[in-house]
$ cat query-v5.cif   # mmCIF, C-alpha atoms and all ligand atoms
data_upload
#
loop_
_atom_site.label_atom_id
_atom_site.label_comp_id
_atom_site.auth_asym_id
_atom_site.auth_seq_id
_atom_site.Cartn_x
_atom_site.Cartn_y
_atom_site.Cartn_z
CA MET A 1 159.59 104.23 46.15
CA ARG A 2 162.39 106.60 45.32
CA LEU A 3 161.23 110.20 45.70
CA GLY A 4 163.07 113.36 44.71
CA VAL A 5 162.56 116.46 46.88
CA LEU A 6 163.30 120.06 45.96
CA THR A 7 162.62 123.45 47.52
CA GLY A 8 162.27 126.31 45.01
CA GLY A 9 161.74 130.07 45.06
CA GLY A 10 162.47 132.31 48.05
CA ASP A 11 163.25 130.42 51.24
CA CYS A 12 160.94 130.68 54.24
CA PRO A 13 160.70 129.36 57.79
CA GLY A 14 159.25 125.85 57.90
CA LEU A 15 160.97 124.30 54.88
CA ASN A 16 163.23 122.18 57.06
CA ALA A 17 160.29 121.13 59.23
CA LEU A 18 158.55 119.91 56.09
CA ILE A 19 161.60 118.04 54.81
CA ARG A 20 162.00 116.36 58.20
CA GLY A 21 158.33 115.32 58.40
CA LEU A 22 158.37 113.97 54.86
CA VAL A 23 161.57 111.98 55.26
CA LYS A 24 160.76 110.70 58.75
CA ARG A 25 157.30 109.40 57.93
CA GLY A 26 158.38 108.33 54.44
CA ILE A 27 161.16 106.12 55.75
CA HIS A 28 159.48 104.79 58.89
CA GLU A 29 155.99 104.11 57.57
CA PHE A 30 156.50 103.50 53.86
CA GLY A 31 160.14 102.47 53.49
CA HIS A 32 160.70 105.13 50.81
CA GLU A 33 164.07 106.34 49.71
CA PHE A 34 164.67 110.09 49.19
CA VAL A 35 166.88 112.06 46.85
CA GLY A 36 167.59 115.66 47.85
CA ILE A 37 167.67 117.86 44.75
CA GLU A 38 169.67 121.00 45.49
CA ASN A 39 168.91 124.64 44.68
CA GLY A 40 165.37 124.14 43.42
CA TYR A 41 164.97 123.15 39.78
CA MET A 42 168.65 123.89 39.20
CA GLY A 43 169.32 120.46 40.71
CA LEU A 44 166.98 118.89 38.18
CA VAL A 45 168.77 120.49 35.24
CA GLU A 46 172.42 120.59 36.29
CA PRO A 47 174.38 117.41 37.08
CA GLU A 48 175.78 116.55 40.51
CA LEU A 49 173.23 118.53 42.49
CA ALA A 50 171.26 115.53 43.72
CA HIS A 51 172.22 113.35 46.69
CA PRO A 52 170.60 110.74 48.92
CA LEU A 53 168.54 112.44 51.61
CA THR A 54 168.71 110.35 54.75
CA ARG A 55 167.10 110.43 58.15
CA GLU A 56 170.50 111.38 59.58
CA GLN A 57 170.55 114.59 57.54
CA THR A 58 167.13 115.61 58.77
CA ARG A 59 167.83 115.22 62.47
CA GLY A 60 167.68 118.45 64.47
CA ILE A 61 166.45 120.63 61.59
CA LEU A 62 162.83 121.08 62.73
CA PRO A 63 163.36 124.51 64.40
CA LYS A 64 165.82 125.84 61.84
CA GLY A 65 165.00 128.48 59.21
CA GLY A 66 166.09 128.23 55.57
CA THR A 67 166.33 124.93 53.72
CA ILE A 68 169.01 122.24 53.94
CA LEU A 69 168.42 121.58 50.23
CA GLY A 70 169.18 125.13 49.12
CA THR A 71 166.88 126.98 46.75
CA SER A 72 166.83 129.29 43.75
CA ASN A 73 164.31 131.68 42.23
CA LYS A 74 166.17 131.86 38.92
CA ALA A 75 166.04 128.22 37.80
CA ASN A 76 162.94 127.70 35.70
CA PRO A 77 163.64 124.72 33.38
CA PHE A 78 161.21 126.21 30.83
CA CYS A 79 163.30 129.40 30.48
CA TYR A 80 166.65 128.54 31.97
CA ALA A 81 169.49 131.05 31.87
CA VAL A 82 172.55 129.69 30.05
CA ARG A 83 175.72 131.43 28.95
CA GLU A 84 176.15 131.41 25.18
CA GLY A 85 178.75 133.41 23.29
CA GLY A 86 179.62 135.44 26.39
CA ARG A 87 176.05 136.49 27.19
CA TRP A 88 173.08 135.10 29.08
CA VAL A 89 170.18 133.69 27.07
CA GLU A 90 167.06 131.85 28.27
CA ARG A 91 166.46 128.36 26.88
CA ASP A 92 163.74 125.74 27.37
CA LEU A 93 165.59 122.93 29.20
CA SER A 94 162.47 121.16 30.42
CA ASP A 95 163.38 118.06 28.39
CA VAL A 96 166.70 117.96 30.23
CA ALA A 97 164.78 118.06 33.53
CA VAL A 98 162.55 115.20 32.39
CA ARG A 99 165.60 113.18 31.30
CA ARG A 100 167.43 113.78 34.58
CA TYR A 101 164.33 112.71 36.53
CA HIS A 102 164.43 109.38 34.71
CA GLU A 103 168.21 109.07 35.01
CA MET A 104 167.85 109.46 38.78
CA LYS A 105 165.32 106.60 38.62
CA LEU A 106 162.75 108.64 40.53
CA ASP A 107 159.25 107.27 41.09
CA GLY A 108 158.00 110.75 41.96
CA LEU A 109 159.04 114.32 42.68
CA VAL A 110 157.98 116.48 45.64
CA ALA A 111 158.22 120.16 44.69
CA VAL A 112 157.96 122.58 47.60
CA GLY A 113 157.51 126.21 46.65
CA GLY A 114 155.41 129.23 45.86
CA ASP A 115 153.49 130.16 42.72
CA GLY A 116 156.56 129.98 40.45
CA THR A 117 157.78 126.59 41.70
CA LEU A 118 154.30 125.06 41.70
CA SER A 119 153.37 126.29 38.25
CA ILE A 120 156.62 124.75 36.95
CA ALA A 121 155.63 121.55 38.80
CA HIS A 122 152.28 121.68 37.03
CA ARG A 123 153.95 122.06 33.63
CA LEU A 124 156.34 119.18 34.39
CA ALA A 125 153.34 117.05 35.39
CA GLU A 126 151.81 117.91 32.01
CA LYS A 127 155.02 116.59 30.45
CA GLY A 128 154.44 113.25 32.19
CA LEU A 129 156.44 113.54 35.43
CA LYS A 130 154.85 112.26 38.62
CA VAL A 131 154.83 115.37 40.77
CA VAL A 132 153.26 116.32 44.09
CA GLY A 133 153.38 119.97 45.18
CA CYS A 134 153.58 121.59 48.56
CA PRO A 135 152.75 125.30 49.05
CA LYS A 136 155.10 127.61 50.96
CA THR A 137 155.65 131.35 50.89
CA ILE A 138 155.72 134.21 53.34
CA ASP A 139 153.41 136.09 50.93
CA ASN A 140 150.43 133.72 51.47
CA ASP A 141 149.40 134.51 47.89
CA LEU A 142 148.69 130.97 46.69
CA SER A 143 145.24 130.05 45.59
CA GLY A 144 143.98 126.59 46.51
CA THR A 145 145.15 126.72 50.12
CA ASP A 146 143.90 128.77 53.05
CA GLN A 147 147.46 129.32 54.26
CA THR A 148 151.02 128.66 53.23
CA PHE A 149 153.65 127.89 55.84
CA GLY A 150 156.21 130.63 56.36
CA PHE A 151 153.48 133.25 56.50
CA ASP A 152 152.81 132.98 60.22
CA THR A 153 156.49 133.45 61.11
CA ALA A 154 156.92 136.40 58.74
CA ARG A 155 153.73 137.98 60.07
CA ALA A 156 155.07 137.66 63.63
CA THR A 157 158.35 139.29 62.54
CA CYS A 158 156.47 142.18 60.89
CA THR A 159 154.26 142.64 63.94
CA ASP A 160 157.30 142.69 66.18
CA ALA A 161 158.80 145.39 63.94
CA VAL A 162 155.61 147.47 64.21
CA ASP A 163 155.77 147.12 68.00
CA LYS A 164 159.39 148.23 68.03
CA LEU A 165 158.74 151.20 65.75
CA HIS A 166 155.96 152.33 68.05
CA THR A 167 158.37 153.23 70.83
CA THR A 168 160.50 155.55 68.68
CA ALA A 169 157.42 156.97 66.98
CA GLU A 170 155.98 157.80 70.37
CA SER A 171 159.19 159.19 71.89
CA HIS A 172 159.95 161.45 68.91
CA ASP A 173 156.39 162.13 67.79
CA ARG A 174 157.27 160.91 64.33
CA VAL A 175 155.56 159.21 61.44
CA MET A 176 157.24 155.82 61.10
CA VAL A 177 156.80 153.99 57.80
CA LEU A 178 157.47 150.25 57.65
CA GLU A 179 157.80 148.57 54.25
CA VAL A 180 157.05 144.85 54.30
CA MET A 181 157.18 142.13 51.63
CA GLY A 182 154.29 140.29 49.99
CA ARG A 183 154.80 140.99 46.28
CA TYR A 184 151.34 141.66 44.76
CA ALA A 185 149.41 140.54 47.85
CA GLY A 186 148.88 142.63 50.97
CA PHE A 187 148.35 139.84 53.52
CA LEU A 188 151.56 140.50 55.47
CA ALA A 189 150.93 144.26 55.66
CA LEU A 190 147.25 143.85 56.52
CA ASP A 191 147.68 141.26 59.26
CA SER A 192 150.76 142.79 60.88
CA GLY A 193 149.32 146.30 60.58
CA ILE A 194 146.19 145.29 62.44
CA ALA A 195 148.07 143.09 64.93
CA GLY A 196 150.55 145.89 65.62
CA GLY A 197 147.97 148.67 65.83
CA ALA A 198 149.07 150.67 62.75
CA ASP A 199 147.21 153.86 61.80
CA ILE A 200 147.63 153.44 58.05
CA ILE A 201 147.99 150.26 55.99
CA LEU A 202 148.78 150.45 52.28
CA ILE A 203 148.30 147.30 50.22
CA PRO A 204 148.54 146.48 46.50
CA GLU A 205 144.83 145.62 46.30
CA ILE A 206 143.78 149.16 47.31
CA PRO A 207 145.42 152.00 45.36
CA TYR A 208 145.76 154.93 47.74
CA ARG A 209 145.39 158.71 47.65
CA VAL A 210 147.55 160.81 49.90
CA GLU A 211 144.71 163.06 51.14
CA PRO A 212 142.98 160.46 53.36
CA LEU A 213 146.38 159.55 54.82
CA VAL A 214 147.13 163.17 55.63
CA GLU A 215 143.68 163.53 57.17
CA ARG A 216 144.27 160.49 59.34
CA ILE A 217 147.66 161.78 60.52
CA TYR A 218 146.29 165.27 61.24
CA LYS A 219 143.40 163.82 63.17
CA ARG A 220 145.85 162.00 65.41
CA GLY A 221 147.81 165.24 65.75
CA THR A 222 144.93 166.78 67.65
CA ARG A 223 145.54 164.29 70.45
CA LYS A 224 148.32 164.10 73.00
CA ARG A 225 149.87 161.13 71.20
CA SER A 226 150.21 162.40 67.65
CA PHE A 227 152.73 159.92 66.20
CA SER A 228 151.61 157.61 63.41
CA ILE A 229 152.58 154.16 62.19
CA VAL A 230 152.24 153.38 58.49
CA VAL A 231 152.67 149.81 57.20
CA VAL A 232 153.28 149.69 53.46
CA SER A 233 153.25 146.53 51.40
CA GLU A 234 156.05 146.50 48.81
CA GLY A 235 153.42 146.17 46.05
CA ALA A 236 151.32 149.18 47.15
CA CYS A 237 150.89 152.04 44.67
CA PRO A 238 149.26 155.44 44.75
CA GLU A 239 146.19 155.80 42.51
CA GLY A 240 147.40 156.22 38.94
CA GLY A 241 150.96 155.43 40.06
CA SER A 242 153.09 152.43 39.23
CA LEU A 243 154.81 149.65 41.14
CA SER A 244 158.07 150.48 42.91
CA ILE A 245 160.62 148.28 41.19
CA ALA A 246 164.08 147.63 42.62
CA GLU A 247 165.25 145.40 39.78
CA LYS A 248 163.70 144.71 36.39
CA ALA A 249 163.07 141.10 35.36
CA GLU A 250 165.42 141.35 32.38
CA ASP A 251 168.29 142.49 34.62
CA VAL A 252 168.52 139.04 36.25
CA PRO A 253 168.84 136.16 33.77
CA GLY A 254 166.35 133.38 34.43
CA ARG A 255 164.43 135.19 37.16
CA GLY A 256 161.43 136.09 35.04
CA VAL A 257 159.84 138.49 37.56
CA VAL A 258 160.62 141.97 38.83
CA ARG A 259 162.05 142.56 42.30
CA LEU A 260 159.97 145.06 44.21
CA GLY A 261 161.25 147.71 46.59
CA GLY A 262 160.79 151.38 47.41
CA ALA A 263 157.04 151.61 48.05
CA GLY A 264 157.66 152.83 51.62
CA LYS A 265 159.80 155.71 50.39
CA VAL A 266 157.23 156.63 47.74
CA ALA A 267 154.52 156.88 50.43
CA ALA A 268 156.86 158.80 52.75
CA ASP A 269 157.80 161.29 50.02
CA LEU A 270 154.14 161.90 49.19
CA LEU A 271 153.32 162.45 52.87
CA ALA A 272 156.29 164.78 53.35
CA ARG A 273 154.73 167.23 50.89
CA HIS A 274 151.73 167.63 53.20
CA ILE A 275 152.82 167.17 56.80
CA GLU A 276 155.41 168.78 59.03
CA ALA A 277 156.12 165.84 61.31
CA GLU A 278 159.39 164.01 60.82
CA ILE A 279 159.06 160.84 58.79
CA ARG A 280 161.38 157.81 58.89
CA VAL A 281 161.25 154.76 56.64
CA THR A 282 162.27 151.23 57.68
CA VAL A 283 162.51 148.47 55.08
CA LEU A 284 162.22 145.15 56.87
CA GLY A 285 163.58 143.15 53.91
CA HIS A 286 164.80 139.61 54.30
CA LEU A 287 164.51 139.62 58.08
CA GLN A 288 160.95 138.57 57.24
CA ARG A 289 162.14 135.34 55.67
CA GLY A 290 164.68 134.49 58.32
CA GLY A 291 164.77 132.75 61.68
CA GLY A 292 163.15 129.65 63.01
CA PRO A 293 159.48 128.92 62.26
CA THR A 294 156.71 129.63 64.76
CA ALA A 295 154.92 126.67 66.30
CA ALA A 296 152.03 127.21 63.85
CA ASP A 297 154.39 127.07 60.85
CA ARG A 298 156.24 124.02 62.20
CA LEU A 299 152.92 122.28 62.61
CA LEU A 300 151.57 123.23 59.19
CA ALA A 301 154.81 122.31 57.43
CA THR A 302 154.99 118.98 59.27
CA ARG A 303 151.36 118.21 58.39
CA TYR A 304 152.05 119.08 54.74
CA GLY A 305 155.15 116.88 54.71
CA CYS A 306 153.23 113.93 56.14
CA LYS A 307 150.21 114.47 53.89
CA VAL A 308 152.37 114.45 50.73
CA LEU A 309 152.95 110.76 51.43
CA ASP A 310 149.21 110.06 51.41
CA LEU A 311 149.01 111.62 47.94
CA VAL A 312 151.97 109.50 46.80
CA ARG A 313 150.36 106.36 48.28
CA ASP A 314 147.06 107.13 46.56
CA GLY A 315 148.67 108.00 43.22
CA GLN A 316 147.39 111.60 43.36
CA TRP A 317 150.13 112.93 41.11
CA GLY A 318 149.60 116.40 39.67
CA HIS A 319 148.13 117.54 42.99
CA MET A 320 149.38 119.61 45.88
CA VAL A 321 148.63 119.48 49.57
CA ALA A 322 146.56 122.35 50.90
CA LEU A 323 144.94 123.64 54.06
CA ARG A 324 141.15 123.91 53.80
CA GLY A 325 139.57 124.97 57.06
CA CYS A 326 141.14 122.64 59.63
CA ASP A 327 141.97 119.85 57.18
CA ILE A 328 144.92 119.10 54.95
CA VAL A 329 143.55 118.02 51.58
CA ALA A 330 144.73 117.41 48.00
CA VAL A 331 143.95 119.98 45.30
CA SER A 332 144.96 120.10 41.66
CA LEU A 333 148.34 121.73 40.98
CA GLY A 334 146.47 123.89 38.47
CA GLU A 335 144.91 125.70 41.46
CA SER A 336 148.31 127.16 42.38
CA ARG A 337 148.36 129.06 39.10
CA LYS A 338 145.44 131.23 40.19
CA GLU A 339 146.12 134.39 42.16
CA ARG A 340 145.13 134.88 45.79
CA ARG A 341 144.74 138.45 46.95
CA VAL A 342 143.32 140.42 49.85
CA ASP A 343 139.63 141.14 49.28
CA PRO A 344 139.32 144.94 49.56
CA ARG A 345 135.68 144.46 50.62
CA GLY A 346 136.42 141.51 52.89
CA GLU A 347 135.76 141.32 56.60
CA LEU A 348 139.29 142.06 57.76
CA VAL A 349 139.61 145.27 55.72
CA ARG A 350 136.13 146.37 56.85
CA PHE A 351 136.95 145.72 60.50
CA ALA A 352 140.29 147.50 60.15
CA LYS A 353 138.50 150.54 58.73
CA SER A 354 135.99 150.39 61.54
CA LEU A 355 138.94 150.70 63.93
CA GLY A 356 139.98 153.90 62.20
CA ILE A 357 142.82 152.45 60.11
CA SER A 358 143.19 154.27 56.81
CA PHE A 359 143.90 152.45 53.55
CA GLY A 360 144.06 155.69 51.61
CA ASP A 361 140.82 155.11 49.71
CA GLU A 362 138.33 156.72 52.14
CA ALA A 363 136.20 159.71 51.26
CA LEU A 364 137.49 162.88 52.90
CA GLU A 365 135.58 164.34 55.79
CA VAL A 366 133.84 167.67 55.18
CA GLY A 367 136.42 170.42 55.50
CA GLY A 368 139.19 168.55 53.64
CA SER A 369 142.37 167.03 55.01
CA GLY A 370 143.18 169.89 57.33
CA GLY A 371 146.68 169.75 55.91
O1 LIG B 401 158.03 135.61 47.50
C1 LIG B 401 158.76 135.82 48.65
C2 LIG B 401 159.49 137.14 48.60
O2 LIG B 401 160.15 137.32 49.83
C3 LIG B 401 158.61 138.35 48.29
O3 LIG B 401 157.85 138.77 49.38
C4 LIG B 401 159.65 139.32 47.81
O4 LIG B 401 159.08 140.27 46.92
C5 LIG B 401 160.63 138.46 47.10
O5 LIG B 401 160.46 137.14 47.58
C6 LIG B 401 162.07 138.88 47.30
O6 LIG B 401 162.88 138.08 46.51
P1 LIG B 401 164.46 138.04 46.65
O7 LIG B 401 164.78 137.15 47.82
O8 LIG B 401 164.93 137.48 45.37
O9 LIG B 401 164.94 139.44 46.89
#
$ encode --input "query-v5.cif" --output "structure tokens" --more "lines below"
Ligand code: F6P
Amino acid sequence: MRLGVLTGGGDCPGLNALIRGLVKRGIHEFGHEFVGIENGYMGLVEPELAHPLTREQTRGILPKGGTILGTSNKANPFCYAVREGGRWVERDLSDVAVRRYHEMKLDGLVAVGGDGTLSIAHRLAEKGLKVVGCPKTIDNDLSGTDQTFGFDTARATCTDAVDKLHTTAESHDRVMVLEVMGRYAGFLALDSGIAGGADIILIPEIPYRVEPLVERIYKRGTRKRSFSIVVVSEGACPEGGSLSIAEKAEDVPGRGVVRLGGAGKVAADLLARHIEAEIRVTVLGHLQRGGGPTAADRLLATRYGCKVLDLVRDGQWGHMVALRGCDIVAVSLGESRKERRVDPRGELVRFAKSLGISFGDEALEVGGSGG
């Protein structure tokens, strides 16, 4: 078989491990041929962005971050940005993508990506293309799978940042705020906040009030070690507040979604009105997407890459590979279109609260915040 492979959306650690696993098993066990489609769906719409993907090209890439195929989060064939009359307009070029697929004489397409890439894959499958999906994202916000690869590495990076901020927080007796990614899901903030021993974790799923945060910080102030660590997910908002947006969707042709940023500063500014301690904000940004994958991500990505070939062999087009418990299984691509979010009443949030971590939604203790 001749299989096209593309990686779409934001890059993440593990993409190269997946490509290697797919190509290695595909060639050795099944005798498949691979076509590397560059820059996500851009390579399926634009000419000359598809090339043979050989075993030679995938040697030595297992521990490397990024993707040898390149990626794009602004190349949706269903609303593709094109320049017309000196301005950008969005056009439905999905028929062009379907035509190019056939011109490349593909027997199937492997689309590796997050919610955007996989929902496009689902729509292309509905248009008759033979597509298998593979879930990746540092946000871990994809329904249908227990975990996406890329998440474990990003979580380790965030936890390392919390550890590093601790030392300055402690030395200067400061409140250190760390803003992490995750879009509308708080998994990165929640996990790294708990793993790093944060005092406050703010996530999109739990709108926060400043009073419980102030109370938590003041309570710590009564001890010898009064510094505080606050981990803020980029999608977190105060109650009645709105998302912190760095760039509107319409400002970037073809992107289709807003770019978040600034939630850490919003929380810091609110706190500054109530507390005297110095506050510093760190935005971790794209460091979270960089670097080589952890062993867990290499393993998950490799398992996904190998499992894709089982789906191809069994004709399970329109499905994606997914982790369920300890097993890699096939689930409908439609599953990826559902949201996955932190459960505010789930075990992890409850345990975090039982450790004294504030999410900004707790009832105040009698006597108020003390602030
Ligand atoms: O979805 C992955 C992600 O890193 C999000 O956590 C973040 O909001 C977004 O992508 C950033 O996108 P960009 O790389 O375009 O700034």
$ closest_atom_pairs --input "query-v5.cif" --of "region 122-235 of chain A" --to "region 76-97 of chain A" --cutoff "12 Å" --atoms "all atoms listed in the file" --output "CSV"
residue,atom,partner,partner_atom,distance
A:His122,CA,A:Phe78,CA,11.8
A:Arg123,CA,A:Phe78,CA,8.8
A:Leu124,CA,A:Ser94,CA,7.6
A:Ala125,CA,A:Ser94,CA,11.2
A:Glu126,CA,A:Ser94,CA,11.3
A:Lys127,CA,A:Asp95,CA,8.7
A:Gly128,CA,A:Asp95,CA,10.8
A:Leu129,CA,A:Ala97,CA,9.7
$ closest_atom_pairs --input "query-v5.cif" --of "chain A" --to "ligand LIG 401 (chain B)" --cutoff "9 Å" --atoms "only C-alpha atoms and all ligand atoms" --output "CSV"
residue,atom,partner,partner_atom,distance
A:Gly9,CA,B:LIG401,O1,7.1
A:Gly10,CA,B:LIG401,C1,5.1
A:Asp11,CA,B:LIG401,C1,7.5
A:Cys12,CA,B:LIG401,C1,7.9
A:Ser72,CA,B:LIG401,O8,8.6
A:Asn73,CA,B:LIG401,O8,6.6
A:Lys74,CA,B:LIG401,O8,8.6
A:Gly114,CA,B:LIG401,O1,7.1
A:Asp115,CA,B:LIG401,O1,8.6
A:Thr137,CA,B:LIG401,C1,5.9
A:Ile138,CA,B:LIG401,C1,5.8
A:Asp139,CA,B:LIG401,O3,5.4
A:Asn140,CA,B:LIG401,O1,8.8
A:Asp141,CA,B:LIG401,O1,8.7
A:Val180,CA,B:LIG401,O3,7.9
A:Met181,CA,B:LIG401,O3,4.1
A:Gly182,CA,B:LIG401,O3,3.9
A:Arg183,CA,B:LIG401,O4,4.4
A:Tyr184,CA,B:LIG401,O4,8.2
A:Ala185,CA,B:LIG401,O3,8.8
A:Leu188,CA,B:LIG401,O3,8.9
A:Glu234,CA,B:LIG401,O4,7.2
A:Gly235,CA,B:LIG401,O4,8.2
A:Arg255,CA,B:LIG401,O8,8.5
A:Val258,CA,B:LIG401,O4,8.4
A:Arg259,CA,B:LIG401,O4,6.0
A:Leu260,CA,B:LIG401,O4,5.6
A:Gly261,CA,B:LIG401,O4,7.8
A:Gly285,CA,B:LIG401,O2,7.9
A:His286,CA,B:LIG401,O2,6.8
A:Gln288,CA,B:LIG401,O2,7.6
A:Arg289,CA,B:LIG401,O2,6.5
$ residues_around --input "query-v5.cif" --residues "Asp191 (chain A)" --least-positions-apart "4" --cutoff "7 Å" --atoms "all atoms listed in the file" --output "number ranges by chain"
A: 155, 187, 195
$ residues_around --input "query-v5.cif" --residues "Thr71 (chain A)" --least-positions-apart "5" --cutoff "7 Å" --atoms "only C-alpha atoms" --output "PyMOL selection string"
chain A and resi 7-9+11+38-40
$ atom_distance --input "query-v5.cif" --atom1 "CA of Arg55 (chain A)" --atom2 "CA of Thr145 (chain A)"
28.5 Å
$ closest_residue --input "query-v5.cif" --among "A:Glu339, A:Asp160, A:Glu215, A:Glu276" --to "Asp173 (chain A)" --atoms "all atoms listed in the file"
A:Glu276
$ residues_around --input "query-v5.cif" --residues "Gly4 (chain A)" --least-positions-apart "2" --cutoff "8 Å" --atoms "all atoms listed in the file" --output "list in words"
Arg2, Leu6, Phe34, Val35, Gly36, Ile37, Leu106, Gly108, Leu109 and Val110 of chain A
$ residues_around --input "query-v5.cif" --residues "Gly26 (chain A)" --least-positions-apart "4" --cutoff "10 Å" --atoms "all atoms listed in the file" --output "PyMOL selection string"
chain A and resi 1+3+20-22+30-34+55+305-306+308-310
$ residues_near_point --input "query-v5.cif" --point "(145.1, 128.2, 49.3)" --cutoff "10 Å" --atoms "all atoms listed in the file" --output "PyMOL selection string"
chain A and resi 135+140-148+321-324+331+335-336+338-340
$ atom_distance --input "query-v5.cif" --atom1 "CA of Ile203 (chain A)" --atom2 "CA of Glu347 (chain A)"
15.3 Å
$ atom_distance --input "query-v5.cif" --atom1 "CA of Gly196 (chain A)" --atom2 "CA of Ala363 (chain A)"
24.6 Å
$ closest_residue --input "query-v5.cif" --among "A:Tyr304, A:Phe359, A:Tyr101, A:Tyr218" --to "Gly43 (chain A)" --atoms "all atoms listed in the file"
A:Tyr101
$ closest_residue --input "query-v5.cif" --among "A:Gly291, A:Gly346, A:Gly318, A:Gly116" --to "Gly334 (chain A)" --atoms "only C-alpha atoms"
A:Gly318
$ residues_around --input "query-v5.cif" --residues "Ile279 (chain A)" --least-positions-apart "3" --cutoff "7 Å" --atoms "all atoms listed in the file" --output "JSON, numbers by chain"
{"A": [174, 175, 176, 268]}
$ closest_residue --input "query-v5.cif" --among "A:Ala352, A:Val132, A:Leu299, A:Ile275" --to "Lys219 (chain A)" --atoms "all atoms listed in the file"
A:Ile275
$ closest_residue --input "query-v5.cif" --among "A:Leu62, A:Gly290, A:Leu18, A:Val5" --to "Arg303 (chain A)" --atoms "all atoms listed in the file"
A:Leu18
$ residues_near_point --input "query-v5.cif" --point "(160.7, 155.7, 66.6)" --cutoff "12 Å" --atoms "only C-alpha atoms" --output "PyMOL selection string"
chain A and resi 161-178+227-230+278-282
$ closest_residue --input "query-v5.cif" --among "A:Leu190, A:Cys158, A:Leu15, A:Ala50" --to "Lys105 (chain A)" --atoms "all atoms listed in the file"
A:Ala50
